[in-house]
Amino acid sequence: MLETSLQCFQKGKMICRNFPDPIIIVDVHGIVKDGCGGSGGTFHAEPTQFIGQKLADTSFFTNSSRKAITSIIKEVFQKDKTVSSDVVVHSKEGDGVVQVIASLIDGDKDTAALVFHDVTCVRSVEQRLLDSEKRYEELFENMRSGVAVYQAIDDGNDFIITDFNKAAERSDKVKREDVINHRVTEMFPGVREMGFLDLLRRVWKTGVPEYFPPTMYEDRRIGRVWWEDYVYRLPTGEIVAAFANITDRMKALEDMQQAAKVATGERDKINAIVESIADAVFVVDAQDRITLFNPAASSLSGFTPEDSIGKPYYSLLKFIDERTETKADQFVNEARKNGNARPSGHHILLVNREGERIPVAPNAQAISSGDGSGPGHVVVVFRDVTAERDLYRQKSDFASLVSQQLMEPLEGSKWFLDLMLRGKAGDLPSEPRGYIEQLAASNKRMILLVQDLLFVSRLDAGEQIEIKRTPTDVIKTIDAAIEDNADYIREMKVEVVKAEDVPSSLVMNVDGEKLEEVLYNLISNAVKYSKQRGMIEIGVEKDAQKVTISVQDHGVGIPERQKSRIFEKFFRADNVVQKVTDGTGLGVYLSKRITEAHGGSIWFDSQEGLGTTFYVSVPLKDDEKRNRKTTRRSELHANGTKEGE
């Protein structure tokens, strides 16, 4: 029987010699009897070289493959049917995958033919397709956009939903199992009226993808929402719609459009105001280029908006300090740094296009960029203060004249009052003496006030404060300032004490008379604005560079909104004006000028209703470099910020 089979096979070898896949003949024991066919892609060897060997034991098979080959041969003989399975084979070209197809040879139940078909590439492609399908499924399920797959029915008059991802379930508030295999017009009845069904039909017929723009859709299940879709056709003929619920975006767009409309209206109002106000206004961007230039600025500077827009402001507008003839436009950068800047005094000049020097009062305010990156634009407002300066000079001259005229009768009154109190006019009864003492105290305060007015007049006229430094015991100066206020302290029933750590003596080179005036003003204010039977504490601290004296009260304090004005001439806070009607607002102003003349600084900490502490810091050495820095440091302290912060 075997010989007959082999004879038949020998006849067939002429036919299969060019067959691309190897064919091996085995008996029921798996012994190779013959072979033919290709020797290329599978074993890279002639099949006939295996004759006489047990096929499963050849070196071409892995351990698992040997078991598979043995199982295939056993199964084909036992069940008399064609058996197919993939096995891994070794070759000199590397491992590969072959599909083994085994079948008994017709008419012979003791001989089987095994065909080895190389499927390495096919299986690799199939695996990649499988991996791609898995990735597609994961992508499909985890997409943020809703995705629905449709299949046309009724010649495109309607569509069946064949797939629906999780995002679509969330957006449409339905479950996948509730919509799969249902008509789209059944699940979403409004799609016909909104035109979406027509779009599905067009894409199904033409194969051309289309974008369905934002459209409002409403039904009782999901309410009123806005959708946008991207629709395209698959090679299978199915239609895919990737859609997004853009209700929040559309609402935000509506809000933004409304806000833009309001902003445009506000901008137009602001522009109208800026164009019409009498003060000169210009705006610069982060690169100092002018972006706005109103008519008043044109009139004052001589430059038109066409001359100015887009150019650096400093290339046109020359601000100088008339005292030093140096550039004085640093207020723009100060505004960017601090939020705003308002140079003090009337010493800034604008040199206009014709070269005229015009006194101006500038004020700069930073505008936030809006993106968190800090100030970008700066608005500068300035005006011609020539008339104000003339009026100010006239007032100053008048005050000086009046003060000088007042000093003579006041000094005369003081002399006569002193004579009466010393008994030169005879002994005074106790009651009249009390009246005369009060009159003398009032006279003394009046003389000090007139002296302050004269002092301010001289400063306004440009006179510098002359500091005569001599070795001075600061502690004795403090005691003298307290004694000068003794009558006022008794009248207000307050207690003035020195801190426990204040030394008994501290000598340094200062102008003792002027330092006493500073301390007198600060103690007088502390007494004036303290509560009755309150306490005022004076402290002294010394380090290697300076001596700092503090005067602390527990009185009315300074309102937050007015802290920046405390060192202004004639300024008094609202809450102290209500409590104490007398006072000129010159004390701290003069104290600041005297302290700065020493090369020192003055500042304060205050909380309304809880009290105020003033600090006076005087350097131990008269350092010119330190003096030049004093003005800037004092400006920082003017708003109540402590030195070093």
# chains A, B, ... in the order shown; residues from 1 in each chain; ligands from 1
call {"tool": "residues_around", "arguments": {"residues": "Lys569 in chain A", "least_positions_apart": "2", "cutoff": "10 Å", "atoms": "only C-alpha atoms", "output": "VMD selection string"}}
result
chain A and resid 456 565 to 567 571 to 572 584 to 590
call {"tool": "select_by_dssp", "arguments": {"residues": "range 69-128 of chain A", "states": "strand (DSSP E or B)", "output": "list in words"}}
result
Val83, Ser84, Ser85, Asp86, Val87, Val88, Val89, Gly96, Val97, Val98, Gln99, Val100, Ile101, Ala102, Ser103, Leu104, Thr111, Ala112, Ala113, Leu114, Val115, Phe116, His117 and Asp118 of chain A
call {"tool": "residues_around", "arguments": {"residues": "Phe282 in chain A", "least_positions_apart": "4", "cutoff": "8 Å", "atoms": "only C-alpha atoms", "output": "tab-separated table (two decimals) with all heavy atoms, in the first residue's frame"}}
result
chain	number	residue	atom	x	y	z
A	290	ILE	N	4.27	106.38	22.52
A	290	ILE	CA	3.02	107.09	22.76
A	290	ILE	C	1.90	106.42	21.99
A	290	ILE	O	2.01	106.20	20.77
A	290	ILE	CB	3.14	108.57	22.36
A	290	ILE	CG1	4.19	109.27	23.23
A	290	ILE	CG2	1.80	109.27	22.48
A	290	ILE	CD1	4.48	110.70	22.80
A	291	THR	N	0.81	106.08	22.69
A	291	THR	CA	-0.35	105.46	22.04
A	291	THR	C	-1.57	106.37	22.04
A	291	THR	O	-2.53	106.11	21.32
A	291	THR	CB	-0.71	104.13	22.73
A	291	THR	OG1	-1.05	104.40	24.10
A	291	THR	CG2	0.45	103.15	22.67
A	292	LEU	N	-1.54	107.41	22.87
A	292	LEU	CA	-2.65	108.37	22.92
A	292	LEU	C	-2.07	109.73	23.28
A	292	LEU	O	-1.19	109.85	24.12
A	292	LEU	CB	-3.70	107.94	23.94
A	292	LEU	CG	-4.98	108.78	24.06
A	292	LEU	CD1	-6.16	107.90	24.45
A	292	LEU	CD2	-4.82	109.90	25.09
A	293	PHE	N	-2.60	110.78	22.63
A	293	PHE	CA	-2.10	112.14	22.82
A	293	PHE	C	-3.27	113.07	22.62
A	293	PHE	O	-3.75	113.25	21.50
A	293	PHE	CB	-0.99	112.41	21.79
A	293	PHE	CG	0.02	113.44	22.22
A	293	PHE	CD1	0.96	113.15	23.18
A	293	PHE	CD2	0.04	114.70	21.64
A	293	PHE	CE1	1.91	114.08	23.57
A	293	PHE	CE2	0.98	115.64	22.00
A	293	PHE	CZ	1.93	115.33	22.98
A	294	ASN	N	-3.79	113.65	23.72
A	294	ASN	CA	-5.03	114.42	23.59
A	294	ASN	C	-4.75	115.85	23.13
A	294	ASN	O	-3.60	116.32	23.13
A	294	ASN	CB	-5.84	114.36	24.88
A	294	ASN	CG	-5.31	115.28	25.96
A	294	ASN	OD1	-4.15	115.68	25.94
A	294	ASN	ND2	-6.15	115.60	26.92
A	297	ALA	N	-2.63	118.05	25.37
A	297	ALA	CA	-1.20	117.75	25.31
A	297	ALA	C	-0.58	118.37	24.07
A	297	ALA	O	0.55	118.88	24.10
A	297	ALA	CB	-0.98	116.24	25.32
A	379	VAL	N	-0.37	105.97	32.05
A	379	VAL	CA	-1.09	107.19	31.72
A	379	VAL	C	-0.43	108.36	32.44
A	379	VAL	O	-0.21	108.30	33.65
A	379	VAL	CB	-2.58	107.10	32.13
A	379	VAL	CG1	-3.30	108.39	31.78
A	379	VAL	CG2	-3.25	105.92	31.45
A	380	VAL	N	-0.09	109.39	31.70
A	380	VAL	CA	0.53	110.58	32.29
A	380	VAL	C	-0.41	111.76	32.09
A	380	VAL	O	-0.83	112.04	30.96
A	380	VAL	CB	1.90	110.87	31.65
A	380	VAL	CG1	2.51	112.13	32.26
A	380	VAL	CG2	2.84	109.69	31.83
A	381	VAL	N	-0.75	112.42	33.18
A	381	VAL	CA	-1.58	113.62	33.15
A	381	VAL	C	-0.74	114.77	33.68
A	381	VAL	O	-0.11	114.65	34.73
A	381	VAL	CB	-2.85	113.45	34.02
A	381	VAL	CG1	-3.71	114.70	33.96
A	381	VAL	CG2	-3.64	112.23	33.58
call {"tool": "atom_distance", "arguments": {"atom1": "CA of Glu537 in chain A", "atom2": "CA of Leu519 in chain A"}}
result
12.6 Å
call {"tool": "select_by_dssp", "arguments": {"residues": "range 245-493 of chain A", "states": "alpha helix (DSSP H)", "output": "PyMOL selection string"}}
result
chain A and resi 247-276+295-301+305-308+331-338+386-421+430-460+474-484+486-492
call {"tool": "atom_distance", "arguments": {"atom1": "CA of Lys493 in chain A", "atom2": "CA of Arg533 in chain A"}}
result
5.1 Å
call {"tool": "residues_around", "arguments": {"residues": "Pro214 in chain A", "least_positions_apart": "5", "cutoff": "7 Å", "atoms": "only C-alpha atoms", "output": "ChimeraX atom specification"}}
result
/A:226-228
call {"tool": "write_last_selection", "arguments": {"atoms": "C-alpha atoms", "output": "tab-separated table (two decimals), in the first residue's frame"}}
result
chain	number	residue	atom	x	y	z
A	226	TRP	CA	-25.14	74.04	20.82
A	227	TRP	CA	-23.41	71.44	18.62
A	228	GLU	CA	-20.76	71.42	15.92
call {"tool": "atom_distance", "arguments": {"atom1": "CA of Phe164 in chain A", "atom2": "CA of Ser145 in chain A"}}
result
11.1 Å
call {"tool": "residues_around", "arguments": {"residues": "Lys414 in chain A", "least_positions_apart": "3", "cutoff": "8 Å", "atoms": "only C-alpha atoms", "output": "PyMOL selection string"}}
result
chain A and resi 410-411+417-418+440+443-444
call {"tool": "residues_around", "arguments": {"residues": "range 170-176 of chain A", "least_positions_apart": "2", "cutoff": "8 Å", "atoms": "only C-alpha atoms", "output": "ChimeraX atom specification"}}
result
/A:146,163-168,178-180,221-222,244-245
call {"tool": "residues_around", "arguments": {"residues": "Thr48 in chain A", "least_positions_apart": "3", "cutoff": "6 Å", "atoms": "only C-alpha atoms", "output": "JSON, numbers by chain"}}
result
{"A": [34, 35, 51]}
call {"tool": "closest_residue", "arguments": {"among": "A:Glu75, A:Val510, A:Tyr520, A:Ala425", "to": "Ala486 in chain A", "atoms": "only C-alpha atoms"}}
result
A:Tyr520
call {"tool": "closest_residue", "arguments": {"among": "A:Val474, A:Gly423, A:Asn509, A:Thr58", "to": "Thr548 in chain A", "atoms": "only C-alpha atoms"}}
result
A:Val474
